[in-house]
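Asker: Below is the file my_file.tsv, which contains TSV, C-alpha atoms and all ligand atoms.
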chain	number	residue	atom	x	y	z
A	1	MET	CA	-2.17	-9.69	11.97
A	2	PRO	CA	0.79	-7.41	12.71
A	3	VAL	CA	4.30	-7.60	11.31
A	4	VAL	CA	6.41	-10.00	13.40
A	5	LEU	CA	9.81	-8.67	14.53
A	6	LYS	CA	12.31	-11.49	14.92
A	7	THR	CA	14.47	-11.94	18.01
A	8	ALA	CA	18.22	-12.56	17.79
A	9	GLU	CA	17.65	-16.32	18.21
A	10	GLU	CA	14.97	-16.36	15.53
A	11	ILE	CA	17.21	-14.38	13.16
A	12	GLU	CA	19.93	-16.98	13.58
A	13	ARG	CA	17.46	-19.70	12.56
A	14	MET	CA	16.31	-17.57	9.61
A	15	ARG	CA	19.98	-17.34	8.50
A	16	VAL	CA	20.26	-21.10	8.51
A	17	ALA	CA	16.99	-21.62	6.61
A	18	GLY	CA	17.95	-18.92	4.10
A	19	ARG	CA	21.36	-20.40	3.37
A	20	LEU	CA	19.86	-23.87	2.96
A	21	ALA	CA	17.24	-22.60	0.48
A	22	SER	CA	19.98	-20.97	-1.57
A	23	GLU	CA	22.07	-24.13	-1.43
A	24	VAL	CA	19.24	-26.07	-3.08
A	25	LEU	CA	19.60	-23.69	-6.04
A	26	ASP	CA	23.39	-24.25	-6.04
A	27	PHE	CA	22.75	-28.00	-6.06
A	28	ILE	CA	20.27	-27.97	-8.95
A	29	ALA	CA	22.12	-25.52	-11.21
A	30	PRO	CA	24.27	-28.11	-13.06
A	31	HIS	CA	21.17	-30.22	-13.77
A	32	VAL	CA	19.41	-27.44	-15.70
A	33	ARG	CA	20.20	-28.57	-19.25
A	34	PRO	CA	18.37	-29.27	-22.49
A	35	GLY	CA	16.40	-32.54	-22.30
A	36	VAL	CA	15.74	-32.54	-18.57
A	37	THR	CA	12.12	-32.29	-17.42
A	38	THR	CA	10.93	-29.86	-14.78
A	39	GLY	CA	9.59	-32.90	-12.91
A	40	LYS	CA	13.09	-34.40	-12.76
A	41	LEU	CA	14.45	-31.11	-11.35
A	42	ASN	CA	11.69	-31.26	-8.72
A	43	ASP	CA	12.54	-34.83	-7.78
A	44	LEU	CA	16.26	-34.03	-7.46
A	45	CYS	CA	15.57	-30.98	-5.29
A	46	HIS	CA	13.05	-32.88	-3.17
A	47	ALA	CA	15.55	-35.67	-2.43
A	48	TYR	CA	18.30	-33.14	-1.66
A	49	MET	CA	16.09	-31.18	0.75
A	50	VAL	CA	14.65	-34.19	2.56
A	51	ASP	CA	17.58	-36.65	2.54
A	52	VAL	CA	20.67	-34.40	2.57
A	53	GLN	CA	19.57	-31.17	4.26
A	54	HIS	CA	16.81	-32.59	6.45
A	55	THR	CA	14.67	-29.61	5.49
A	56	VAL	CA	10.97	-29.61	4.64
A	57	PRO	CA	9.98	-28.35	1.16
A	58	ALA	CA	7.41	-25.70	2.05
A	59	PRO	CA	5.52	-25.73	-1.29
A	60	LEU	CA	4.55	-29.40	-1.08
A	61	ASN	CA	0.84	-29.54	-0.22
A	62	TYR	CA	0.84	-25.81	0.58
A	63	ALA	CA	-2.78	-24.67	0.28
A	64	PRO	CA	-3.55	-21.03	0.99
A	65	PRO	CA	-7.27	-20.11	1.14
A	66	GLY	CA	-8.86	-20.59	-2.29
A	67	TYR	CA	-6.04	-22.78	-3.67
A	68	ARG	CA	-5.78	-26.53	-4.07
A	69	PRO	CA	-2.69	-28.06	-2.40
A	70	PHE	CA	0.48	-27.41	-4.44
A	71	PRO	CA	1.51	-30.88	-5.65
A	72	LYS	CA	5.31	-30.49	-5.87
A	73	SER	CA	8.31	-29.36	-3.81
A	74	ILE	CA	9.61	-26.47	-5.93
A	75	CYS	CA	8.13	-24.07	-8.50
A	76	THR	CA	9.50	-24.13	-12.07
A	77	SER	CA	8.32	-21.31	-14.34
A	78	VAL	CA	9.44	-21.44	-17.99
A	79	ASN	CA	9.48	-18.57	-20.54
A	80	HIS	CA	6.07	-16.85	-20.43
A	81	GLN	CA	5.21	-18.52	-17.13
A	82	VAL	CA	5.39	-15.81	-14.47
A	83	CYS	CA	5.45	-17.84	-11.23
A	84	HIS	CA	4.11	-20.93	-9.43
A	85	GLY	CA	4.85	-23.21	-12.40
A	86	VAL	CA	4.09	-26.81	-11.44
A	87	PRO	CA	6.93	-29.22	-12.31
A	88	GLY	CA	5.93	-32.01	-14.68
A	89	ASP	CA	6.71	-33.68	-18.00
A	90	ARG	CA	7.81	-30.53	-19.83
A	91	LEU	CA	11.23	-31.04	-21.47
A	92	LEU	CA	13.55	-28.04	-21.30
A	93	LYS	CA	14.97	-27.00	-24.66
A	94	PRO	CA	17.83	-24.73	-25.75
A	95	GLY	CA	16.85	-21.07	-25.43
A	96	ASP	CA	14.36	-21.58	-22.60
A	97	ILE	CA	14.59	-19.36	-19.53
A	98	LEU	CA	13.54	-20.91	-16.25
A	99	ASN	CA	12.84	-19.66	-12.75
A	100	ILE	CA	13.33	-22.16	-9.94
A	101	ASP	CA	11.77	-21.07	-6.65
A	102	VAL	CA	12.80	-22.93	-3.49
A	103	THR	CA	11.34	-22.55	-0.01
A	104	VAL	CA	12.63	-24.72	2.82
A	105	ILE	CA	11.58	-25.03	6.44
A	106	LYS	CA	14.36	-25.72	8.96
A	107	ASP	CA	13.92	-25.70	12.73
A	108	GLY	CA	10.51	-24.01	12.34
A	109	PHE	CA	11.65	-21.17	10.05
A	110	HIS	CA	11.33	-20.54	6.32
A	111	GLY	CA	13.91	-19.47	3.73
A	112	ASP	CA	12.57	-18.48	0.29
A	113	CYS	CA	14.57	-17.61	-2.84
A	114	SER	CA	14.55	-18.04	-6.59
A	115	ARG	CA	16.92	-17.60	-9.49
A	116	MET	CA	16.69	-17.54	-13.27
A	117	PHE	CA	18.51	-20.16	-15.34
A	118	PHE	CA	19.33	-20.29	-19.05
A	119	VAL	CA	18.89	-23.57	-20.88
A	120	GLY	CA	21.62	-23.45	-23.51
A	121	GLU	CA	22.03	-19.97	-25.05
A	122	PRO	CA	19.23	-17.45	-24.55
A	123	SER	CA	18.11	-14.88	-27.10
A	124	ILE	CA	19.50	-11.37	-26.61
A	125	GLN	CA	16.04	-10.23	-25.51
A	126	ALA	CA	15.69	-13.01	-22.94
A	127	ARG	CA	19.15	-12.39	-21.50
A	128	ARG	CA	18.40	-8.68	-21.14
A	129	LEU	CA	15.06	-9.29	-19.40
A	130	VAL	CA	16.74	-11.65	-16.93
A	131	GLU	CA	19.57	-9.17	-16.25
A	132	VAL	CA	17.28	-6.19	-15.76
A	133	THR	CA	15.01	-8.23	-13.46
A	134	TYR	CA	18.08	-9.13	-11.36
A	135	GLU	CA	18.92	-5.43	-11.17
A	136	CYS	CA	15.33	-4.68	-10.14
A	137	MET	CA	15.55	-7.13	-7.22
A	138	TRP	CA	18.84	-5.64	-6.02
A	139	ILE	CA	17.76	-2.04	-6.48
A	140	GLY	CA	14.81	-2.91	-4.24
A	141	ILE	CA	17.07	-4.64	-1.70
A	142	ARG	CA	19.35	-1.59	-1.56
A	143	GLN	CA	16.40	0.57	-0.44
A	144	VAL	CA	15.97	-1.53	2.70
A	145	ARG	CA	17.09	0.20	5.90
A	146	PRO	CA	15.40	1.35	9.13
A	147	GLY	CA	13.15	4.31	8.41
A	148	ALA	CA	12.84	3.59	4.70
A	149	ARG	CA	9.29	2.72	3.64
A	150	LEU	CA	7.97	-0.14	1.56
A	151	GLY	CA	6.88	2.33	-1.13
A	152	ASP	CA	10.56	3.23	-1.59
A	153	VAL	CA	11.29	-0.41	-2.40
A	154	GLY	CA	8.38	-0.81	-4.82
A	155	SER	CA	8.94	2.51	-6.52
A	156	ALA	CA	12.66	1.86	-7.15
A	157	ILE	CA	11.85	-1.53	-8.71
A	158	GLN	CA	9.03	-0.17	-10.87
A	159	GLN	CA	11.09	2.75	-12.16
A	160	HIS	CA	13.97	0.52	-13.21
A	161	ALA	CA	11.71	-1.99	-14.96
A	162	GLU	CA	9.67	0.63	-16.79
A	163	LYS	CA	12.78	2.56	-17.85
A	164	HIS	CA	13.68	-0.52	-19.87
A	165	GLY	CA	10.21	-0.82	-21.40
A	166	TYR	CA	9.21	-3.72	-19.16
A	167	SER	CA	6.21	-4.05	-16.85
A	168	VAL	CA	5.75	-5.10	-13.22
A	169	VAL	CA	3.27	-7.87	-12.37
A	170	ARG	CA	0.79	-6.45	-9.84
A	171	GLU	CA	-1.09	-9.50	-8.59
A	172	PHE	CA	1.80	-11.12	-6.69
A	173	CYS	CA	4.22	-9.54	-4.27
A	174	GLY	CA	6.98	-10.17	-1.76
A	175	HIS	CA	5.91	-11.08	1.75
A	176	GLY	CA	6.93	-11.25	5.35
A	177	ILE	CA	8.38	-14.64	6.22
A	178	GLY	CA	9.42	-16.50	9.35
A	179	ARG	CA	7.53	-19.22	11.16
A	180	LYS	CA	4.97	-18.76	8.40
A	181	PHE	CA	5.64	-19.02	4.64
A	182	HIS	CA	3.61	-15.89	3.90
A	183	GLU	CA	3.04	-13.34	6.65
A	184	GLU	CA	2.70	-9.56	6.79
A	185	PRO	CA	3.77	-7.24	5.30
A	186	GLN	CA	2.96	-7.43	1.58
A	187	VAL	CA	5.94	-6.11	-0.36
A	188	LEU	CA	4.64	-4.60	-3.60
A	189	HIS	CA	7.09	-4.28	-6.50
A	190	TYR	CA	5.56	-0.96	-7.56
A	191	GLY	CA	4.46	2.15	-5.69
A	192	LYS	CA	5.31	5.65	-4.58
A	193	PRO	CA	8.35	6.81	-2.58
A	194	ALA	CA	7.81	7.83	1.05
A	195	THR	CA	4.58	5.80	1.34
A	196	GLY	CA	3.76	2.53	3.03
A	197	LEU	CA	5.12	0.72	6.06
A	198	PRO	CA	8.27	2.15	7.70
A	199	LEU	CA	10.94	-0.54	8.07
A	200	GLU	CA	12.32	-1.56	11.46
A	201	PRO	CA	15.23	-3.78	12.50
A	202	GLY	CA	14.11	-7.39	12.93
A	203	MET	CA	11.66	-7.44	10.03
A	204	THR	CA	12.19	-10.28	7.55
A	205	PHE	CA	10.55	-10.31	4.14
A	206	THR	CA	11.13	-11.33	0.56
A	207	ILE	CA	11.71	-9.13	-2.47
A	208	GLU	CA	10.74	-11.08	-5.60
A	209	PRO	CA	9.84	-8.90	-8.59
A	210	MET	CA	8.08	-10.53	-11.54
A	211	ILE	CA	8.90	-8.49	-14.64
A	212	ASN	CA	7.26	-8.98	-18.05
A	213	ALA	CA	8.82	-8.10	-21.39
A	214	GLY	CA	5.34	-7.08	-22.60
A	215	LYS	CA	2.17	-6.01	-20.82
A	216	PRO	CA	1.66	-6.62	-17.08
A	217	GLY	CA	-1.49	-8.75	-17.42
A	218	ILE	CA	-1.48	-12.35	-16.24
A	219	ARG	CA	-3.82	-15.32	-16.12
A	220	GLU	CA	-3.94	-18.58	-14.19
A	221	LEU	CA	-3.80	-21.95	-15.96
A	222	ALA	CA	-6.36	-24.70	-15.36
A	223	ASP	CA	-3.99	-26.46	-12.93
A	224	GLY	CA	-5.02	-23.74	-10.44
A	225	TRP	CA	-1.41	-22.63	-9.85
A	226	THR	CA	0.68	-21.77	-12.93
A	227	ILE	CA	0.58	-18.05	-13.76
A	228	VAL	CA	1.36	-16.96	-17.34
A	229	THR	CA	1.51	-13.61	-19.12
A	230	LYS	CA	-1.75	-12.81	-20.90
A	231	ASP	CA	0.13	-11.61	-23.99
A	232	HIS	CA	2.52	-14.59	-23.92
A	233	SER	CA	5.51	-12.28	-23.50
A	234	LEU	CA	8.53	-13.57	-21.57
A	235	SER	CA	8.60	-13.07	-17.81
A	236	ALA	CA	11.45	-13.23	-15.31
A	237	GLN	CA	11.74	-13.28	-11.51
A	238	TRP	CA	14.45	-13.35	-8.85
A	239	GLU	CA	13.88	-13.64	-5.11
A	240	HIS	CA	15.82	-13.11	-1.90
A	241	THR	CA	14.77	-13.17	1.76
A	242	VAL	CA	16.02	-10.02	3.51
A	243	LEU	CA	16.43	-8.96	7.16
A	244	VAL	CA	16.23	-5.30	8.19
A	245	THR	CA	19.31	-4.60	10.39
A	246	PRO	CA	20.14	-1.51	12.48
A	247	SER	CA	22.53	-0.32	9.75
A	248	GLY	CA	20.64	-1.46	6.63
A	249	ARG	CA	19.89	-4.98	5.49
A	250	GLU	CA	21.21	-8.50	5.41
A	251	VAL	CA	20.36	-10.88	2.57
A	252	LEU	CA	19.58	-14.19	4.26
A	253	THR	CA	19.33	-16.39	1.16
A	254	ARG	CA	22.98	-16.38	0.12
A	255	SER	CA	25.33	-19.27	-0.43
A	256	ALA	CA	28.50	-20.16	-2.35
A	257	GLY	CA	26.62	-20.16	-5.66
A	258	SER	CA	24.84	-16.81	-5.24
A	259	GLN	CA	25.64	-14.20	-7.87
A	260	PRO	CA	27.12	-10.94	-6.55
A	261	PRO	CA	24.97	-7.82	-6.63
A	262	PRO	CA	24.96	-6.14	-10.04
A	263	ALA	CA	27.20	-3.11	-10.63
A	264	ILE	CA	24.15	-0.83	-10.65
A	265	ALA	CA	23.27	-1.72	-7.04
A	266	GLN	CA	26.76	-1.63	-5.47
B	301	LIG	N1	7.84	-19.48	-3.23
B	301	LIG	C1	6.72	-18.69	-3.67
B	301	LIG	C2	6.93	-17.32	-3.12
B	301	LIG	O1	7.97	-16.78	-3.36
B	301	LIG	C3	5.41	-19.24	-3.25
B	301	LIG	C4	5.10	-20.52	-3.87
B	301	LIG	S1	3.62	-21.10	-3.25
B	301	LIG	C5	3.61	-22.65	-3.90
B	301	LIG	O2	6.16	-16.75	-2.40
B	301	LIG	F1	2.67	-23.28	-3.28
B	301	LIG	F2	3.44	-22.56	-5.20
B	301	LIG	F3	4.77	-23.21	-3.67
B	302	CO	CO	8.39	-15.63	-1.70
B	303	CO	CO	9.63	-18.09	-3.51
If you convert what's in this file into structure tokens, what do you get?

Answerer:
Amino acid sequence: MPVVLKTAEEIERMRVAGRLASEVLDFIAPHVRPGVTTGKLNDLCHAYMVDVQHTVPAPLNYAPPGYRPFPKSICTSVNHQVCHGVPGDRLLKPGDILNIDVTVIKDGFHGDCSRMFFVGEPSIQARRLVEVTYECMWIGIRQVRPGARLGDVGSAIQQHAEKHGYSVVREFCGHGIGRKFHEEPQVLHYGKPATGLPLEPGMTFTIEPMINAGKPGIRELADGWTIVTKDHSLSAQWEHTVLVTPSGREVLTRSAGSQPPPAIAQ
């Protein structure tokens, strides 16, 4: 299946879906506190998406080949959980770091983004991992322009992570997005400059690096979804959905509560 270039009308719908996905993260932010369960965060987000936004939570019952249907409406990945954490009875406690990943469908199009949250005060090491991972995402985003290649994106992310002694998870990547949740191309968060797919205006894809404080290895839990670091080191992830424009890029998953780009990627 080829990479789908979006028309002007489709891009407008992608903008709406992207903003709505980001607004779910704005909505849930004040609820991320010690004592709340990840299941409660899921239920709050689900109600906000369905009842307030009239969006569809894309994760709910999502079942790619080889996976059982995802049972919840958002992903919540705590501490050494890398991605696809399934919300449940786990109580958040001071010092936890948490990724919340939201994907909505509006008017046939998907918007996909995630942010890291601190529960109470993080350790110095956790704060640094989260900051550097945010920089990695933005350094990747800043590579996006017509004529740049996907290897430029992956390489920039990998270099920044490894410079800080961190590692890039290899098994999961960013992805094309549009009418489908996951479409071509695959957007690796590692690679070599001047290799891979050349970017063209109208492409829409996510950049969502998963960065481990320790080794890159991962394993899947028995729930069939939750991914954790093999060495139990902390892991962080941020995600935006990006459009390639004639002059560079537009981040589609922005809203009032989005953090500005870091100084390093200005
Ligand atoms: N939102 C994730 C991504 O960024 C995918 C989650 S799949 C799910 O690609 F089924 F776990 F929701
Ligand atoms: Co994604
Ligand atoms: Co996502």

Asker: Quick one: residues within 10 Å of A:Met1, all atoms listed in the file, excluding same-chain residues fewer than 3 positions away - as a tab-separated table (two decimals) with C-alpha atoms, in the coordinates of the input?

Answerer:
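Here's the written file part-v4.tsv:
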chain	number	residue	atom	x	y	z
A	4	VAL	CA	6.41	-10.00	13.40
A	183	GLU	CA	3.04	-13.34	6.65
A	184	GLU	CA	2.70	-9.56	6.79
A	185	PRO	CA	3.77	-7.24	5.30

Asker: Using only C-alpha atoms and all ligand atoms for the distances, tell me which of A:Ser123, A:Gln143, A:Ser233, A:Thr241 is nearest to ligand LIG 301 (chain B).

Answerer: A:Thr241

Asker: Can you pull out every residue within 7 Å of A:Arg145, counting only C-alpha atoms, but drop anything in the same chain fewer than 4 positions away, and send it as a ChimeraX atom specification?

Answerer: /A:199,244-245,247-249

Asker: For those residues, write C-alpha atoms to a file as a PDB file, in the coordinates of the input.

Answerer:
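Final output, saved to again.pdb:
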ATOM      1  CA  LEU A 199      10.940  -0.540   8.070  1.00  0.00           C
ATOM      2  CA  VAL A 244      16.230  -5.300   8.190  1.00  0.00           C
ATOM      3  CA  THR A 245      19.310  -4.600  10.390  1.00  0.00           C
ATOM      4  CA  SER A 247      22.530  -0.320   9.750  1.00  0.00           C
ATOM      5  CA  GLY A 248      20.640  -1.460   6.630  1.00  0.00           C
ATOM      6  CA  ARG A 249      19.890  -4.980   5.490  1.00  0.00           C
TER       7      ARG A 249
END

Asker: Please identify every residue of chain A that has at least one atom no farther than 8 Å from an atom of ligand CO 303 (chain B), counting all atoms listed in the file, and for each give the shortest atom pair and the distance in Å to one decimal, arranged by chain then increasing number, as JSON lines.

Answerer:
{"residue": "A:Cys75", "atom": "CA", "partner": "B:CO303", "partner_atom": "CO", "distance": 7.9}
{"residue": "A:Asp101", "atom": "CA", "partner": "B:CO303", "partner_atom": "CO", "distance": 4.8}
{"residue": "A:Val102", "atom": "CA", "partner": "B:CO303", "partner_atom": "CO", "distance": 5.8}
{"residue": "A:Thr103", "atom": "CA", "partner": "B:CO303", "partner_atom": "CO", "distance": 5.9}
{"residue": "A:Asp112", "atom": "CA", "partner": "B:CO303", "partner_atom": "CO", "distance": 4.8}
{"residue": "A:Cys113", "atom": "CA", "partner": "B:CO303", "partner_atom": "CO", "distance": 5.0}
{"residue": "A:Ser114", "atom": "CA", "partner": "B:CO303", "partner_atom": "CO", "distance": 5.8}
{"residue": "A:Glu208", "atom": "CA", "partner": "B:CO303", "partner_atom": "CO", "distance": 7.4}
{"residue": "A:Glu239", "atom": "CA", "partner": "B:CO303", "partner_atom": "CO", "distance": 6.4}

Asker: Once you count all atoms listed in the file, which residues end up within 12 Å of ligand CO 302 (chain B), and could you hand them over as a PyMOL selection string?

Answerer: chain A and resi 18+21+58-59+74-75+83-84+100-104+110-115+172-178+180-188+204-210+237-242+253

Asker: Between atom C2 of ligand LIG 301 (chain B) and atom CA of A:Leu243, what is the distance, to one decimal in Å?

Answerer: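 So the answer is 16.3 Å.
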
Asker: Smallest atom-to-atom distance to ligand LIG 301 (chain B): which of A:Ile97, A:Ile264, A:Val144, A:Val86, using all atoms listed in the file?

Answerer: A:Val86

Asker: From the options A:Asn61, A:Thr37, A:Thr229, A:Thr55, which residue's atoms come nearest to ligand LIG 301 (chain B), counting all atoms listed in the file?

Answerer: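 So, comparing all the options, the nearest one is A:Asn61.
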
Asker: Rank nothing, just name the residue among A:Arg149, A:His31, A:Arg170, A:Arg68 nearest to ligand LIG 301 (chain B), using only C-alpha atoms and all ligand atoms.

Answerer: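 Using only C-alpha atoms and all ligand atoms, ligand LIG 301 (chain B) sits closest to A:Arg68.
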
Asker: Find, counting only C-alpha atoms and all ligand atoms, the residue in A:Pro34, A:Gly224, A:Pro201, A:Pro193 that gets nearest to ligand LIG 301 (chain B).

Answerer: A:Gly224

Asker: Point out the residue among A:Leu234, A:Ile11, A:Val228, A:Val3 with the least atom-to-atom distance to A:Pro122, counting only C-alpha atoms.

Answerer: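 Ranked by minimum distance to A:Pro122, first place goes to A:Leu234.
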
Asker: If we count only C-alpha atoms, what is near A:Val153 at a cut-off of 10 Å, once residues fewer than 3 positions away on the same chain are taken out, given as a list in words?

Answerer: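 Everything that qualifies: Cys136, Met137, Trp138, Ile139, Gly140, Ile141, Arg142, Gln143, Val144, Ala148, Arg149, Leu150, Ala156, Ile157, Gln158, Val187, Leu188, His189, Tyr190, Gly191, Lys192, Pro193, Ala194, Thr195, Gly196 and Ile207 of chain A.
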
Asker: Which value, in Å to one decimal, gives the distance between atom CA of A:Gly151 and atom CA of A:Ile227?

Answerer: 24.8 Å

Asker: What does the distance from atom CA of A:Val251 to atom CA of A:Leu129 come to in Å, to one decimal?

Answerer: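 Pair atom CA of A:Val251 / atom CA of A:Leu129 returns 22.7 Å.
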
Asker: Step by step, gather every atom of stretch 147-166 of chain A that the file lists, find the box along x, y and z that holds them, add 6 Å on each side, and finally give centre and edge lengths in Å to one decimal, as AutoDock Vina command-line options.

Answerer:
--center_x 10.4 --center_y 0.3 --center_z -6.5 --size_x 19.1 --size_y 20.0 --size_z 41.8
